[in-house]
Amino acid sequence: METSQNSSKADVAALIVAAGRGVRAGHDLPKQYVRLGDRTVLQRTIEALLSHPAVSLIQVVIAEGDAELYRSAVGDTSKLLPPIAGGATRQESVKNGLEALAEHAPRLVLVHDAARPFVTADVVENVIVGCDADHGAIPVLPVTETVKRIEDSVITATVPRDALGTAQTPQGFPFAALLKAHRDAWDSGRTELTDDAAVFALAGLTVRAVEGDRRNIKLTNPADFAAAERMLTMAIETRTGQGFDVHTFGDGSAVWLCGVEIPHDRALVGHSDADVGLHALTDALLGTIGDGDIGEHFPPSDPKWKGASSDQFLVDAVRRVHDKGGRIVNVDVTLVCEAPRIGPHREAMQERIAELAGIGATRVGVKATTNEKMGFIGRGEGIVALAIATVALPAES
């Protein structure tokens with residue numbers, strides 16, 4: 001069962017258009033529901049957009065009658081708004097999705113093809129930066145081949161390519177302006193427009209071109225799917241990082257562990273909130289990309305981090321992984337302490353880490369053990385945390 005995301009005003013929303021039938025792809029199912037490696041095309045597309053920290057809402061537009069197919073293809077829908085039914089054309093489907101987003105009033109909306117599962121964080125960032133209150137932005141690739149005009153199978157002219165480009169998605173726009181442009185186009189009978197930049201331009205508004213990425217291919221035919229499978233098998237490598245941290249007990253009435261505050265007769269001592277679990281996990285993620293450690297990025301000598309919540313340390317490490325084109329596969333934290341008891345708080349810890357890392361809770365492990373009364377842990381003098389993170393990254397040559 002779908003559950004809506006927080007309905008408070010969002011900054012950037014993503015609208016994924018998944019209402020097409022994709023018959024040219026040569027599959028029994030619409031192409032967005034076909035498995036590509038271990039996940040469906042649509043699931044990969046959703047995860048790619050969810051991984052960008054600026055995207056706070058995702059609305060998927062599906063074909064009428066595809067609700068069960070959508071649920072089985074996407075899996076965990078808890079971070080998505082309930083899907084909305086599309087229309088007979090892409091333009092109508094986008095308009096329906098925008099109307100569904102209206103109550104959330106995002107500042108910007110990114111309209112993205114469901115069949116582009118390899119969109120990168122850099123492309124999303126380029127589009128977001130290119131948008132403002134008066135301008136939309138779309139990723140574009142320069143045309144590198146010679147372009148010919150053809151009439152009745154005869155070449156009639158060579159078209160100068162210097163001013164030409166091919167459009168990709170996501171296409172980004174100020175939300176209110178795009179919604180109005182779609183409504184005006186629809187009311188005037190213009191229902192044949194093939195992308196949202198055309199709808200926006202019809203309203204007399206300006207669209208900027210930003211840098212696209214040749215990896216951001218649209219899966220259309222069997223050859224595209226074959227190329228996508230090759231990209232998955234040849235271009236991804238798995239990295240593992242580990243983290244370790246320890247903090248002693250001091251005066252206080254609660255401890256922070258894995259993002260959850262637990263009442264206790266003492267507190268952990270540290271420059272920040274001393275969340276030993278999140279510190280170890282932050283180091284583990286940084287280890288997957290060879291990017292130093294928590295002390296390097298958040299030095300305890302800097303008064304800025306005095307008493308700081310460790311949530312922001314983990315979020316920063318997640319961002320660094322995403323900036324490298326990485327996807328967090330799973331994380332695992334082990335807490336070693338005599339007290340407090342971890343079991344009653346384990347689920348809340350998993351959910352909090354999942355939220356911070358932008359992954360499903362089933363990809364988060366939290367375990368606890370005692371030190372059998374031995375050593376400083378056994379004497380109740382502090383808590384140790386060990387963490388492992390696994391990340392899929394584009395392969396380096």
# chains A, B, ... in the order shown; residues from 1 in each chain; ligands from 1
call {"tool": "residues_around", "arguments": {"residues": "region 15-17 of chain A", "least_positions_apart": "4", "cutoff": "8 Å", "atoms": "only C-alpha atoms", "output": "list in words"}}
result
Ile46, Ile58, Gln59, Val60, Val61, Ile62, Arg90, Ser93, Val94, Gly97, Leu98, Val109, Leu110, Val111, His112, Asp113 and Ala114 of chain A
call {"tool": "write_last_selection", "arguments": {"atoms": "N, CA and C atoms", "output": "PDB file, in the first residue's frame"}}
result
ATOM      1  N   ILE A  46      13.755   5.665 -10.390  1.00  0.00           N
ATOM      2  CA  ILE A  46      13.324   6.278  -9.127  1.00  0.00           C
ATOM      3  C   ILE A  46      14.507   6.424  -8.176  1.00  0.00           C
ATOM      4  N   ILE A  58       8.615  12.706  -5.066  1.00  0.00           N
ATOM      5  CA  ILE A  58       8.575  12.036  -6.368  1.00  0.00           C
ATOM      6  C   ILE A  58       7.149  11.599  -6.671  1.00  0.00           C
ATOM      7  N   GLN A  59       6.661  12.051  -7.819  1.00  0.00           N
ATOM      8  CA  GLN A  59       5.341  11.676  -8.316  1.00  0.00           C
ATOM      9  C   GLN A  59       5.522  10.866  -9.596  1.00  0.00           C
ATOM     10  N   VAL A  60       4.994   9.648  -9.606  1.00  0.00           N
ATOM     11  CA  VAL A  60       5.079   8.808 -10.798  1.00  0.00           C
ATOM     12  C   VAL A  60       3.722   8.794 -11.483  1.00  0.00           C
ATOM     13  N   VAL A  61       3.733   8.961 -12.807  1.00  0.00           N
ATOM     14  CA  VAL A  61       2.520   8.895 -13.613  1.00  0.00           C
ATOM     15  C   VAL A  61       2.519   7.556 -14.343  1.00  0.00           C
ATOM     16  N   ILE A  62       1.472   6.775 -14.144  1.00  0.00           N
ATOM     17  CA  ILE A  62       1.399   5.440 -14.746  1.00  0.00           C
ATOM     18  C   ILE A  62       0.151   5.331 -15.621  1.00  0.00           C
ATOM     19  N   ARG A  90       1.761  11.938 -23.954  1.00  0.00           N
ATOM     20  CA  ARG A  90       2.735  12.319 -22.932  1.00  0.00           C
ATOM     21  C   ARG A  90       2.371  13.672 -22.323  1.00  0.00           C
ATOM     22  N   SER A  93      -0.298  13.233 -19.825  1.00  0.00           N
ATOM     23  CA  SER A  93       0.206  12.531 -18.645  1.00  0.00           C
ATOM     24  C   SER A  93       0.981  13.478 -17.733  1.00  0.00           C
ATOM     25  N   VAL A  94       1.825  14.322 -18.333  1.00  0.00           N
ATOM     26  CA  VAL A  94       2.581  15.287 -17.528  1.00  0.00           C
ATOM     27  C   VAL A  94       1.627  16.260 -16.845  1.00  0.00           C
ATOM     28  N   GLY A  97       0.136  14.700 -13.851  1.00  0.00           N
ATOM     29  CA  GLY A  97       1.101  14.627 -12.756  1.00  0.00           C
ATOM     30  C   GLY A  97       1.317  15.972 -12.088  1.00  0.00           C
ATOM     31  N   LEU A  98       1.368  17.035 -12.886  1.00  0.00           N
ATOM     32  CA  LEU A  98       1.525  18.374 -12.320  1.00  0.00           C
ATOM     33  C   LEU A  98       0.323  18.754 -11.462  1.00  0.00           C
ATOM     34  N   VAL A 109      10.143  21.726 -10.529  1.00  0.00           N
ATOM     35  CA  VAL A 109       9.750  20.359 -10.858  1.00  0.00           C
ATOM     36  C   VAL A 109      10.680  19.852 -11.948  1.00  0.00           C
ATOM     37  N   LEU A 110      11.126  18.596 -11.798  1.00  0.00           N
ATOM     38  CA  LEU A 110      11.958  17.931 -12.790  1.00  0.00           C
ATOM     39  C   LEU A 110      11.109  16.860 -13.461  1.00  0.00           C
ATOM     40  N   VAL A 111      10.854  16.991 -14.749  1.00  0.00           N
ATOM     41  CA  VAL A 111      10.060  16.015 -15.484  1.00  0.00           C
ATOM     42  C   VAL A 111      11.025  15.052 -16.175  1.00  0.00           C
ATOM     43  N   HIS A 112      10.889  13.756 -15.853  1.00  0.00           N
ATOM     44  CA  HIS A 112      11.889  12.785 -16.304  1.00  0.00           C
ATOM     45  C   HIS A 112      11.223  11.561 -16.921  1.00  0.00           C
ATOM     46  N   ASP A 113      11.836  11.049 -17.988  1.00  0.00           N
ATOM     47  CA  ASP A 113      11.350   9.831 -18.627  1.00  0.00           C
ATOM     48  C   ASP A 113      11.662   8.620 -17.753  1.00  0.00           C
ATOM     49  N   ALA A 114      10.681   7.774 -17.549  1.00  0.00           N
ATOM     50  CA  ALA A 114      10.902   6.547 -16.766  1.00  0.00           C
ATOM     51  C   ALA A 114      11.964   5.666 -17.406  1.00  0.00           C
TER      52      ALA A 114
END
call {"tool": "closest_residue", "arguments": {"among": "A:Lys148, A:Arg320, A:Arg208, A:Lys95", "to": "Phe175 (chain A)", "atoms": "only C-alpha atoms"}}
result
A:Lys95
call {"tool": "residues_around", "arguments": {"residues": "Ala308 (chain A)", "least_positions_apart": "6", "cutoff": "8 Å", "atoms": "only C-alpha atoms", "output": "PyMOL selection string"}}
result
chain A and resi 271-273
call {"tool": "write_last_selection", "arguments": {"atoms": "C-alpha atoms", "output": "CSV table (one decimal), in the first residue's frame"}}
result
chain,number,residue,atom,x,y,z
A,271,HIS,CA,32.9,17.3,20.5
A,272,SER,CA,29.6,16.7,18.6
A,273,ASP,CA,26.7,14.7,20.0
call {"tool": "atom_distance", "arguments": {"atom1": "CA of Ala14 (chain A)", "atom2": "CA of Ser188 (chain A)"}}
result
26.2 Å
call {"tool": "closest_residue", "arguments": {"among": "A:Ala267, A:Val199, A:Ala167, A:Ala121", "to": "Arg327 (chain A)", "atoms": "only C-alpha atoms"}}
result
A:Ala121
call {"tool": "residues_around", "arguments": {"residues": "Thr248 (chain A)", "least_positions_apart": "6", "cutoff": "9 Å", "atoms": "only C-alpha atoms", "output": "list of chain:residue names"}}
result
A:Ala267, A:Leu268, A:Val269, A:Gly270, A:Gly380, A:Glu381, A:Gly382, A:Ile383, A:Val384
